[in-house]
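Student: Sharing protein.cif (mmCIF, C-alpha atoms) below.
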data_model
#
loop_
_atom_site.label_atom_id
_atom_site.label_comp_id
_atom_site.auth_asym_id
_atom_site.auth_seq_id
_atom_site.Cartn_x
_atom_site.Cartn_y
_atom_site.Cartn_z
CA MET A 1 0.00 0.00 0.00
CA ALA A 2 1.21 3.56 -0.61
CA ALA A 3 0.24 6.96 0.73
CA LEU A 4 1.21 10.29 -0.78
CA GLY A 5 3.19 12.50 1.68
CA GLY A 6 5.14 15.74 1.33
CA ASP A 7 8.34 13.81 0.49
CA GLY A 8 6.76 11.57 -2.15
CA LEU A 9 5.46 7.99 -1.99
CA ARG A 10 6.25 6.05 1.18
CA LEU A 11 5.59 2.33 1.53
CA LEU A 12 3.52 1.51 4.58
CA SER A 13 3.11 -1.76 6.43
CA VAL A 14 0.32 -4.01 5.20
CA SER A 15 -1.03 -4.20 8.73
CA ARG A 16 -1.33 -0.41 8.92
CA PRO A 17 -4.52 1.04 7.40
CA GLU A 18 -4.11 3.45 4.52
CA ARG A 19 -4.56 7.09 5.49
CA GLN A 20 -6.09 9.22 2.78
CA PRO A 21 -5.42 12.94 2.52
CA GLU A 22 -8.27 14.99 3.88
CA SER A 23 -8.92 16.53 0.45
CA ALA A 24 -9.57 13.07 -0.98
CA ALA A 25 -11.66 12.04 2.02
CA LEU A 26 -13.85 15.09 1.53
CA GLY A 27 -14.26 14.47 -2.18
CA GLY A 28 -11.88 17.28 -3.13
CA PRO A 29 -9.39 17.31 -6.03
CA GLY A 30 -6.54 14.83 -6.15
CA PRO A 31 -3.01 15.59 -4.91
CA GLY A 32 -1.76 16.56 -8.38
CA LEU A 33 -4.52 19.11 -8.88
CA CYS A 34 -3.99 20.42 -5.34
CA CYS A 35 -0.37 21.16 -6.21
CA TRP A 36 -1.37 23.03 -9.35
CA VAL A 37 -3.89 25.05 -7.34
CA SER A 38 -1.20 25.85 -4.74
CA VAL A 39 1.37 26.95 -7.32
CA PHE A 40 -1.16 29.00 -9.27
CA SER A 41 -2.35 30.69 -6.05
CA CYS A 42 1.21 31.63 -5.13
CA LEU A 43 1.89 32.97 -8.62
CA SER A 44 -1.31 34.99 -8.46
CA LEU A 45 -0.26 36.51 -5.14
CA ALA A 46 3.20 37.39 -6.44
CA CYS A 47 1.81 38.96 -9.62
CA SER A 48 -0.83 40.89 -7.67
CA TYR A 49 1.77 42.27 -5.26
CA VAL A 50 4.15 43.41 -8.00
CA GLY A 51 1.30 44.59 -10.24
CA SER A 52 -0.04 46.81 -7.47
CA LEU A 53 3.19 48.81 -7.65
CA TYR A 54 2.51 49.77 -11.24
CA VAL A 55 -1.17 50.70 -11.19
CA TRP A 56 0.04 54.28 -10.77
CA LYS A 57 1.58 55.58 -13.98
CA SER A 58 4.46 57.91 -13.27
CA GLU A 59 7.70 59.03 -14.88
CA LEU A 60 9.25 59.63 -11.46
CA PRO A 61 11.83 57.18 -9.98
CA ARG A 62 10.75 54.66 -7.30
CA ASP A 63 12.46 56.62 -4.49
CA HIS A 64 10.42 59.79 -5.09
CA PRO A 65 8.16 60.44 -2.05
CA ALA A 66 5.06 60.80 -4.22
CA VAL A 67 5.68 57.40 -5.83
CA ILE A 68 6.34 55.77 -2.46
CA LYS A 69 3.09 57.13 -0.97
CA ARG A 70 0.99 55.87 -3.87
CA ARG A 71 2.64 52.47 -3.73
CA PHE A 72 2.02 52.31 0.01
CA THR A 73 -1.69 52.51 -0.70
CA SER A 74 -1.85 49.80 -3.37
CA VAL A 75 0.51 47.40 -1.57
CA LEU A 76 -1.39 47.69 1.71
CA VAL A 77 -4.66 46.94 -0.10
CA VAL A 78 -3.23 43.84 -1.82
CA SER A 79 -1.56 42.63 1.39
CA SER A 80 -4.76 43.06 3.39
CA LEU A 81 -6.68 40.99 0.83
CA SER A 82 -4.00 38.27 0.49
CA PRO A 83 -5.44 36.06 3.28
CA LEU A 84 -8.56 35.71 1.12
CA CYS A 85 -6.38 33.81 -1.37
CA VAL A 86 -5.58 31.28 1.35
CA LEU A 87 -9.29 30.93 2.14
CA LEU A 88 -10.05 30.37 -1.54
CA TRP A 89 -7.25 27.80 -1.77
CA ARG A 90 -8.72 25.98 1.22
CA GLU A 91 -12.13 25.80 -0.44
CA LEU A 92 -10.72 24.64 -3.80
CA THR A 93 -8.51 21.91 -2.32
CA GLY A 94 -10.83 20.80 0.46
CA ILE A 95 -7.94 20.82 2.96
CA GLN A 96 -9.02 21.96 6.43
CA PRO A 97 -6.03 23.30 8.43
CA GLY A 98 -7.50 22.36 11.81
CA THR A 99 -6.58 25.78 13.21
CA SER A 100 -7.55 29.39 12.65
CA LEU A 101 -6.30 31.20 9.56
CA LEU A 102 -4.35 33.80 11.57
CA THR A 103 -2.63 31.10 13.63
CA LEU A 104 -1.72 29.20 10.48
CA MET A 105 -0.20 32.36 9.01
CA GLY A 106 1.97 32.93 12.08
CA PHE A 107 -0.08 35.45 14.05
CA ARG A 108 0.11 33.85 17.52
CA LEU A 109 1.51 34.69 20.94
CA GLU A 110 3.03 31.28 21.68
CA GLY A 111 6.81 31.46 21.30
CA ILE A 112 6.72 35.10 20.19
CA PHE A 113 9.82 36.22 22.14
CA PRO A 114 12.25 33.56 20.86
CA ALA A 115 10.73 33.98 17.38
CA ALA A 116 11.53 37.71 17.49
CA LEU A 117 14.98 37.50 19.09
CA LEU A 118 16.71 34.31 17.96
CA PRO A 119 16.34 34.70 14.15
CA LEU A 120 17.44 38.35 14.42
CA LEU A 121 20.47 37.30 16.48
CA LEU A 122 21.33 34.63 13.92
CA THR A 123 21.05 37.14 11.07
CA MET A 124 23.26 39.64 12.90
CA ILE A 125 25.87 36.90 13.38
CA LEU A 126 25.82 36.26 9.64
CA PHE A 127 26.39 40.01 9.10
CA LEU A 128 29.29 40.14 11.58
CA GLY A 129 31.74 41.27 8.89
CA PRO A 130 29.54 44.06 7.48
CA LEU A 131 28.70 45.21 11.03
CA MET A 132 32.41 45.46 11.84
CA GLN A 133 32.97 47.34 8.60
CA LEU A 134 30.14 49.76 9.43
CA SER A 135 31.59 50.33 12.88
CA MET A 136 35.12 50.99 11.56
CA ASP A 137 33.91 53.46 8.94
CA CYS A 138 31.70 55.40 11.37
CA PRO A 139 33.58 58.40 12.83
CA CYS A 140 31.61 58.51 16.11
CA ASP A 141 32.15 56.17 19.06
CA LEU A 142 29.66 53.69 20.52
CA ALA A 143 28.27 56.10 23.14
CA ASP A 144 27.49 58.74 20.53
CA ARG A 145 25.83 56.16 18.28
CA LEU A 146 23.62 54.95 21.11
CA LYS A 147 22.56 58.53 21.83
CA VAL A 148 21.57 58.96 18.19
CA VAL A 149 19.65 55.68 18.14
CA LEU A 150 17.76 56.43 21.35
CA ALA A 151 17.06 60.09 20.62
CA PRO A 152 13.34 60.82 19.97
CA ARG A 153 14.33 63.33 17.29
CA SER A 154 16.08 60.58 15.31
CA TRP A 155 12.99 58.37 15.42
CA SER A 156 10.79 61.30 14.47
CA ARG A 157 13.01 61.96 11.47
CA CYS A 158 12.84 58.29 10.44
CA LEU A 159 9.06 58.12 10.72
CA THR A 160 8.71 61.07 8.35
CA ASP A 161 11.20 59.65 5.84
CA MET A 162 9.26 57.79 3.13
CA ARG A 163 12.25 55.70 2.09
CA TRP A 164 12.91 54.59 5.67
CA LEU A 165 9.26 53.67 6.20
CA ARG A 166 9.26 51.68 2.96
CA ASN A 167 12.49 49.78 3.61
CA GLN A 168 12.18 49.18 7.35
CA VAL A 169 8.42 48.90 7.97
CA ILE A 170 6.06 48.58 5.00
CA ALA A 171 8.17 46.32 2.77
CA PRO A 172 9.09 43.80 5.51
CA LEU A 173 5.51 43.62 6.83
CA THR A 174 3.73 43.29 3.50
CA GLU A 175 6.30 41.06 1.80
CA GLU A 176 6.48 38.64 4.73
CA LEU A 177 2.69 38.54 4.88
CA VAL A 178 2.30 37.76 1.17
CA PHE A 179 5.41 35.73 0.36
CA ARG A 180 5.72 33.74 3.60
CA ALA A 181 2.62 33.82 5.79
CA CYS A 182 0.21 33.21 2.89
CA MET A 183 2.34 31.10 0.53
CA LEU A 184 3.87 28.68 3.03
CA PRO A 185 0.56 27.10 4.16
CA MET A 186 -0.47 26.61 0.54
CA LEU A 187 2.82 25.08 -0.61
CA ALA A 188 3.52 22.86 2.42
CA PRO A 189 0.79 20.22 1.75
CA CYS A 190 2.04 19.93 -1.83
CA THR A 191 5.84 19.90 -1.48
CA GLY A 192 6.34 19.13 2.20
CA LEU A 193 7.40 21.62 4.86
CA GLY A 194 11.14 21.62 4.11
CA PRO A 195 10.90 22.19 0.33
CA ALA A 196 8.16 24.79 0.87
CA VAL A 197 10.51 26.83 3.08
CA PHE A 198 13.00 26.98 0.19
CA THR A 199 10.36 27.48 -2.51
CA CYS A 200 8.81 30.64 -1.05
CA PRO A 201 12.03 32.67 -1.55
CA LEU A 202 11.93 31.76 -5.25
CA PHE A 203 8.61 33.56 -5.65
CA PHE A 204 10.01 36.38 -3.53
CA GLY A 205 13.20 36.66 -5.60
CA VAL A 206 11.43 36.58 -8.97
CA ALA A 207 8.98 39.23 -7.76
CA HIS A 208 11.94 41.54 -7.03
CA PHE A 209 13.33 41.45 -10.55
CA HIS A 210 11.11 44.38 -11.48
CA HIS A 211 13.63 46.53 -9.59
CA ILE A 212 16.18 45.66 -12.28
CA PHE A 213 14.11 47.28 -15.02
CA GLU A 214 13.40 50.34 -12.87
CA GLN A 215 17.07 50.88 -12.02
CA LEU A 216 18.11 50.38 -15.63
CA ARG A 217 15.36 52.72 -16.77
CA PHE A 218 16.56 55.55 -14.52
CA ARG A 219 20.24 54.56 -14.92
CA GLN A 220 20.70 54.19 -11.17
CA SER A 221 23.20 51.32 -11.38
CA SER A 222 25.09 48.99 -13.70
CA VAL A 223 23.70 45.64 -14.82
CA GLY A 224 26.26 43.68 -12.77
CA SER A 225 25.65 45.48 -9.48
CA ILE A 226 21.87 45.30 -9.96
CA PHE A 227 21.89 41.51 -10.29
CA LEU A 228 24.03 41.18 -7.17
CA SER A 229 21.47 43.08 -5.09
CA ALA A 230 18.17 41.74 -6.48
CA GLY A 231 16.49 39.77 -3.71
CA HIS A 232 17.69 38.16 -0.45
CA LEU A 233 16.64 35.40 1.92
CA ILE A 234 13.18 35.64 3.25
CA GLY A 235 12.84 35.71 7.04
CA PRO A 236 10.81 37.10 9.87
CA VAL A 237 9.90 40.75 9.62
CA LEU A 238 12.69 41.92 11.94
CA CYS A 239 15.33 40.00 9.99
CA HIS A 240 13.88 41.35 6.76
CA SER A 241 14.04 44.91 8.07
CA PHE A 242 17.59 44.37 9.31
CA CYS A 243 18.67 42.97 5.93
CA ASN A 244 17.07 45.93 4.17
CA TYR A 245 19.05 48.27 6.43
CA MET A 246 22.37 46.47 5.90
CA GLY A 247 21.98 45.86 2.17
CA PHE A 248 24.23 43.52 0.19
CA PRO A 249 27.60 43.05 1.98
CA ALA A 250 30.26 45.32 0.50
CA VAL A 251 32.83 42.56 0.00
CA CYS A 252 34.80 44.52 -2.61
CA ALA A 253 35.11 47.48 -0.23
CA ALA A 254 36.26 45.12 2.52
CA LEU A 255 39.02 43.76 0.26
CA GLU A 256 40.32 47.32 -0.25
CA HIS A 257 39.86 48.39 3.40
CA PRO A 258 43.01 49.35 5.40
CA GLN A 259 42.05 46.72 7.99
CA ARG A 260 40.97 44.12 5.45
CA ARG A 261 42.50 41.17 7.31
CA LEU A 262 40.44 41.88 10.39
CA LEU A 263 37.33 42.47 8.29
CA LEU A 264 37.77 39.30 6.26
CA ALA A 265 38.23 37.39 9.53
CA GLY A 266 34.95 38.91 10.70
CA TYR A 267 33.23 37.85 7.48
CA ALA A 268 34.54 34.30 7.86
CA LEU A 269 33.64 34.08 11.54
CA GLY A 270 30.15 35.38 10.84
CA VAL A 271 29.48 32.75 8.19
CA GLY A 272 31.07 30.03 10.32
CA PHE A 273 29.08 30.81 13.47
CA PHE A 274 25.92 31.21 11.38
CA LEU A 275 26.29 27.70 9.99
CA LEU A 276 27.18 26.37 13.43
CA LEU A 277 24.18 27.96 15.16
CA LEU A 278 21.66 27.63 12.33
CA GLN A 279 20.21 24.29 13.41
CA PRO A 280 20.08 24.84 17.20
CA LEU A 281 18.62 28.37 16.93
CA THR A 282 15.97 27.30 14.42
CA ASP A 283 14.87 24.19 16.31
CA PRO A 284 11.03 24.17 16.11
CA LYS A 285 10.88 23.17 19.78
CA LEU A 286 12.04 26.67 20.73
CA TYR A 287 8.98 28.28 19.14
CA GLY A 288 6.10 26.18 20.48
CA SER A 289 3.75 24.02 18.45
CA LEU A 290 3.75 24.40 14.66
CA PRO A 291 0.30 25.00 13.11
CA LEU A 292 1.72 23.92 9.76
CA CYS A 293 2.32 20.45 11.20
CA VAL A 294 -1.38 20.20 12.02
CA LEU A 295 -2.13 21.23 8.43
CA LEU A 296 0.26 18.60 7.02
CA GLU A 297 -1.21 15.89 9.24
CA ARG A 298 -4.72 16.66 8.05
CA ALA A 299 -3.46 16.74 4.46
CA GLY A 300 -2.04 13.21 4.85
CA ASP A 301 1.63 13.90 5.67
CA SER A 302 1.84 13.11 9.37
CA GLU A 303 5.52 12.11 9.21
CA ALA A 304 7.07 15.36 7.96
CA PRO A 305 10.70 15.51 9.23
CA LEU A 306 10.38 18.97 10.76
CA CYS A 307 7.23 17.95 12.62
CA SER A 308 8.56 14.76 14.23
#
Let's see the structure in the file written out as structure tokens.

Tutor:
Amino acid sequence: MAALGGDGLRLLSVSRPERQPESAALGGPGPGLCCWVSVFSCLSLACSYVGSLYVWKSELPRDHPAVIKRRFTSVLVVSSLSPLCVLLWRELTGIQPGTSLLTLMGFRLEGIFPAALLPLLLTMILFLGPLMQLSMDCPCDLADRLKVVLAPRSWSRCLTDMRWLRNQVIAPLTEELVFRACMLPMLAPCTGLGPAVFTCPLFFGVAHFHHIFEQLRFRQSSVGSIFLSAGHLIGPVLCHSFCNYMGFPAVCAALEHPQRRLLLAGYALGVGFFLLLLQPLTDPKLYGSLPLCVLLERAGDSEAPLCS
């Protein structure tokens, strides 16, 4: 006997009864059609998100405040409606998550503190080299920098800066909502939890290639440097905001830096410690129960590796 799970066909013992996916038990479409529905839903979300940026016709560059404000409006509308796509997917596939939609999308209090702190810490470790480089190139000392960070005037200036709001607040919130919170529950029953985690960034990366055409159009950068900076790893909102702030690591500048040996050591240590701490700091046990595991169990994949 065979049952279809997230990792493919697994042979089961003859003495063990066959467990059908909930979509089949409810008379819904077969697994193959469910996967097509999931992929099409994710593509629709990605196209809707990117398309919302271009409903406003303008000859101004993307960093102009007027363009940013208009795009805020359209992106927030699309992001607010994106959970409806998950509801439609649920009706089309017949898969019942067994938990509320918000919980499935990651809006829950259980494990919120380690979820906010540990991934951000891991990301900062990965950026150890660029952080050292930023510290060396900054003329002020640590005390002065802390005063600037904690000063209300600095925060007031940031909150009125359209580019800062876009890069540090709106983009991380809306992109994580669309490309992770909504897509992951739809892809996981089709591909399995592990492959789904790596598939979501593909939609995210492809959706960011529109920046290439904008930058080429306004001659803001060369083709080579544009392709190096198009897209990055998807993560929690704080990690996303941090990555947006840091940008792509300036490796070439580090190679020409007066203290390049120390900087390169920092780069190497950051990558090394990141790989060393990646598994322990992303252990699902640290973040409470996983609603996606309930979804996979009800979809017929009760033996997903990340859920065991």

Student: Any chance you could resolve the PyMOL selection byres ((chain A and resi 174) around 9) against this file and give the residues as a PyMOL selection string?

Tutor: chain A and resi 75-76+78-80+169-173+175-179

Student: Would you mind listing what lies within 10 Å of segment 254-261 of chain A as an MDAnalysis selection string, with all atoms listed in the file counted and same-chain residues fewer than 3 positions away left out?

Tutor: chainID A and resid 129:130 133 136:137 249:251 264:267

Student: Would you compute the distance between atom CA of Ser38 of chain A and atom CA of Tyr54 of chain A? Give it in Å to one decimal.

Tutor: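 Computed distance, atom CA of Ser38 of chain A to atom CA of Tyr54 of chain A, equals 25.1 Å.
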
Student: Counting all atoms listed in the file, which residue out of A:Cys85, A:Val237, A:Leu128, A:Cys42 sits closest to Ala115 of chain A?

Tutor: A:Val237

Student: Point out the residue among A:Phe72, A:Phe248, A:Trp56, A:Trp89 with the least atom-to-atom distance to Cys35 of chain A, counting all atoms listed in the file.

Tutor: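 Closest residue, counting all atoms listed in the file: A:Trp89.
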
Student: What's the separation between atom CA of Met124 of chain A and atom CA of Cys243 of chain A, in Å to one decimal place?

Tutor: 9.0 Å

Student: For the atom pair atom CA of Thr103 of chain A and atom CA of Leu290 of chain A, what is the interatomic distance in Å to one decimal place?

Tutor: 9.3 Å

Student: Leaving out Arg145 of chain A and any residue of its chain fewer than 6 positions from it, which residues lie within 12 Å of it when counting only C-alpha atoms, given as JSON, numbers by chain?

Tutor: {"A": [134, 135, 138, 139, 151, 154]}

Student: As JSON, please report the centre and edge lengths, rounded to one decimal in Å, of the axis-aligned box that holds all listed atoms of segment 281-294 of chain A with 6 Å of padding on each of the six sides.

Tutor:
{"center_x": 8.6, "center_y": 24.3, "center_z": 15.2, "size_x": 32.0, "size_y": 20.2, "size_z": 23.0}

Student: For Leu269 of chain A, which of A:Phe127, A:Ser48, A:Val148, A:Gln168 is the closest residue, counting all atoms listed in the file?

Tutor: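 Smallest distance to Leu269 of chain A is found for A:Phe127.
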
Student: On this structure, the PyMOL selection byres ((chain A and resi 105) around 10) would catch which residues? List them as a ChimeraX atom specification, sorted by chain and number.

Tutor: /A:83,86,100-104,106-108,177-178,180-185,291-292

Student: Between A:Lys69, A:Phe198, A:Leu45, A:Gly111, single out the one closest to Thr160 of chain A, counting all atoms listed in the file.

Tutor: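 Of A:Lys69, A:Phe198, A:Leu45, A:Gly111, the one nearest Thr160 of chain A, counting all atoms listed in the file, is A:Lys69.
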
Student: Taking the partial coordinates given, rebuild segment 129-152 of chain A to contain N, CA, C and O atoms; return it as a PDB file, in the frame of the given file.

Tutor:
ATOM      1  N   GLY A 129      30.756  40.516   9.674  1.00  0.00           N
ATOM      2  CA  GLY A 129      31.740  41.270   8.890  1.00  0.00           C
ATOM      3  C   GLY A 129      31.245  42.644   8.478  1.00  0.00           C
ATOM      4  O   GLY A 129      31.909  43.661   8.736  1.00  0.00           O
ATOM      5  N   PRO A 130      30.061  42.733   7.832  1.00  0.00           N
ATOM      6  CA  PRO A 130      29.540  44.060   7.480  1.00  0.00           C
ATOM      7  C   PRO A 130      29.300  44.958   8.689  1.00  0.00           C
ATOM      8  O   PRO A 130      29.493  46.179   8.591  1.00  0.00           O
ATOM      9  N   LEU A 131      28.891  44.395   9.826  1.00  0.00           N
ATOM     10  CA  LEU A 131      28.700  45.210  11.030  1.00  0.00           C
ATOM     11  C   LEU A 131      30.032  45.776  11.516  1.00  0.00           C
ATOM     12  O   LEU A 131      30.108  46.938  11.947  1.00  0.00           O
ATOM     13  N   MET A 132      31.074  44.961  11.479  1.00  0.00           N
ATOM     14  CA  MET A 132      32.410  45.460  11.840  1.00  0.00           C
ATOM     15  C   MET A 132      32.856  46.554  10.882  1.00  0.00           C
ATOM     16  O   MET A 132      33.424  47.571  11.307  1.00  0.00           O
ATOM     17  N   GLN A 133      32.597  46.352   9.608  1.00  0.00           N
ATOM     18  CA  GLN A 133      32.970  47.340   8.600  1.00  0.00           C
ATOM     19  C   GLN A 133      32.231  48.645   8.819  1.00  0.00           C
ATOM     20  O   GLN A 133      32.809  49.745   8.720  1.00  0.00           O
ATOM     21  N   LEU A 134      30.939  48.561   9.149  1.00  0.00           N
ATOM     22  CA  LEU A 134      30.140  49.760   9.430  1.00  0.00           C
ATOM     23  C   LEU A 134      30.666  50.484  10.645  1.00  0.00           C
ATOM     24  O   LEU A 134      30.735  51.721  10.684  1.00  0.00           O
ATOM     25  N   SER A 135      31.072  49.725  11.662  1.00  0.00           N
ATOM     26  CA  SER A 135      31.590  50.330  12.880  1.00  0.00           C
ATOM     27  C   SER A 135      32.941  51.020  12.644  1.00  0.00           C
ATOM     28  O   SER A 135      33.205  52.110  13.159  1.00  0.00           O
ATOM     29  N   MET A 136      33.798  50.399  11.836  1.00  0.00           N
ATOM     30  CA  MET A 136      35.120  50.990  11.560  1.00  0.00           C
ATOM     31  C   MET A 136      35.010  52.265  10.731  1.00  0.00           C
ATOM     32  O   MET A 136      35.805  53.199  10.916  1.00  0.00           O
ATOM     33  N   ASP A 137      34.041  52.305   9.832  1.00  0.00           N
ATOM     34  CA  ASP A 137      33.910  53.460   8.940  1.00  0.00           C
ATOM     35  C   ASP A 137      33.117  54.599   9.554  1.00  0.00           C
ATOM     36  O   ASP A 137      33.055  55.692   8.983  1.00  0.00           O
ATOM     37  N   CYS A 138      32.480  54.352  10.708  1.00  0.00           N
ATOM     38  CA  CYS A 138      31.700  55.400  11.370  1.00  0.00           C
ATOM     39  C   CYS A 138      32.631  56.250  12.239  1.00  0.00           C
ATOM     40  O   CYS A 138      33.350  55.699  13.089  1.00  0.00           O
ATOM     41  N   PRO A 139      32.648  57.560  12.073  1.00  0.00           N
ATOM     42  CA  PRO A 139      33.580  58.400  12.830  1.00  0.00           C
ATOM     43  C   PRO A 139      33.249  58.532  14.309  1.00  0.00           C
ATOM     44  O   PRO A 139      34.123  58.819  15.116  1.00  0.00           O
ATOM     45  N   CYS A 140      32.004  58.320  14.709  1.00  0.00           N
ATOM     46  CA  CYS A 140      31.610  58.510  16.110  1.00  0.00           C
ATOM     47  C   CYS A 140      31.821  57.220  16.896  1.00  0.00           C
ATOM     48  O   CYS A 140      31.852  56.119  16.347  1.00  0.00           O
ATOM     49  N   ASP A 141      31.940  57.347  18.219  1.00  0.00           N
ATOM     50  CA  ASP A 141      32.150  56.170  19.060  1.00  0.00           C
ATOM     51  C   ASP A 141      30.803  55.543  19.430  1.00  0.00           C
ATOM     52  O   ASP A 141      29.734  56.021  19.051  1.00  0.00           O
ATOM     53  N   LEU A 142      30.856  54.445  20.191  1.00  0.00           N
ATOM     54  CA  LEU A 142      29.660  53.690  20.520  1.00  0.00           C
ATOM     55  C   LEU A 142      28.669  54.507  21.329  1.00  0.00           C
ATOM     56  O   LEU A 142      27.449  54.442  21.096  1.00  0.00           O
ATOM     57  N   ALA A 143      29.155  55.294  22.291  1.00  0.00           N
ATOM     58  CA  ALA A 143      28.270  56.100  23.140  1.00  0.00           C
ATOM     59  C   ALA A 143      27.484  57.108  22.306  1.00  0.00           C
ATOM     60  O   ALA A 143      26.275  57.296  22.505  1.00  0.00           O
ATOM     61  N   ASP A 144      28.168  57.764  21.376  1.00  0.00           N
ATOM     62  CA  ASP A 144      27.490  58.740  20.530  1.00  0.00           C
ATOM     63  C   ASP A 144      26.450  58.068  19.639  1.00  0.00           C
ATOM     64  O   ASP A 144      25.368  58.608  19.404  1.00  0.00           O
ATOM     65  N   ARG A 145      26.778  56.864  19.137  1.00  0.00           N
ATOM     66  CA  ARG A 145      25.830  56.160  18.280  1.00  0.00           C
ATOM     67  C   ARG A 145      24.582  55.742  19.045  1.00  0.00           C
ATOM     68  O   ARG A 145      23.472  55.805  18.534  1.00  0.00           O
ATOM     69  N   LEU A 146      24.773  55.323  20.297  1.00  0.00           N
ATOM     70  CA  LEU A 146      23.620  54.950  21.110  1.00  0.00           C
ATOM     71  C   LEU A 146      22.732  56.153  21.392  1.00  0.00           C
ATOM     72  O   LEU A 146      21.502  56.042  21.410  1.00  0.00           O
ATOM     73  N   LYS A 147      23.347  57.313  21.610  1.00  0.00           N
ATOM     74  CA  LYS A 147      22.560  58.530  21.830  1.00  0.00           C
ATOM     75  C   LYS A 147      21.715  58.860  20.602  1.00  0.00           C
ATOM     76  O   LYS A 147      20.547  59.255  20.723  1.00  0.00           O
ATOM     77  N   VAL A 148      22.303  58.674  19.425  1.00  0.00           N
ATOM     78  CA  VAL A 148      21.570  58.960  18.190  1.00  0.00           C
ATOM     79  C   VAL A 148      20.419  57.977  18.027  1.00  0.00           C
ATOM     80  O   VAL A 148      19.294  58.361  17.659  1.00  0.00           O
ATOM     81  N   VAL A 149      20.684  56.703  18.305  1.00  0.00           N
ATOM     82  CA  VAL A 149      19.650  55.680  18.140  1.00  0.00           C
ATOM     83  C   VAL A 149      18.494  55.892  19.096  1.00  0.00           C
ATOM     84  O   VAL A 149      17.316  55.704  18.731  1.00  0.00           O
ATOM     85  N   LEU A 150      18.790  56.287  20.331  1.00  0.00           N
ATOM     86  CA  LEU A 150      17.760  56.430  21.350  1.00  0.00           C
ATOM     87  C   LEU A 150      17.099  57.802  21.368  1.00  0.00           C
ATOM     88  O   LEU A 150      16.104  58.000  22.068  1.00  0.00           O
ATOM     89  N   ALA A 151      17.612  58.734  20.611  1.00  0.00           N
ATOM     90  CA  ALA A 151      17.060  60.090  20.620  1.00  0.00           C
ATOM     91  C   ALA A 151      15.692  60.129  19.937  1.00  0.00           C
ATOM     92  O   ALA A 151      15.545  59.611  18.826  1.00  0.00           O
ATOM     93  N   PRO A 152      14.680  60.721  20.589  1.00  0.00           N
ATOM     94  CA  PRO A 152      13.340  60.820  19.970  1.00  0.00           C
ATOM     95  C   PRO A 152      13.368  61.573  18.643  1.00  0.00           C
ATOM     96  O   PRO A 152      12.593  61.264  17.734  1.00  0.00           O
TER      97      PRO A 152
END
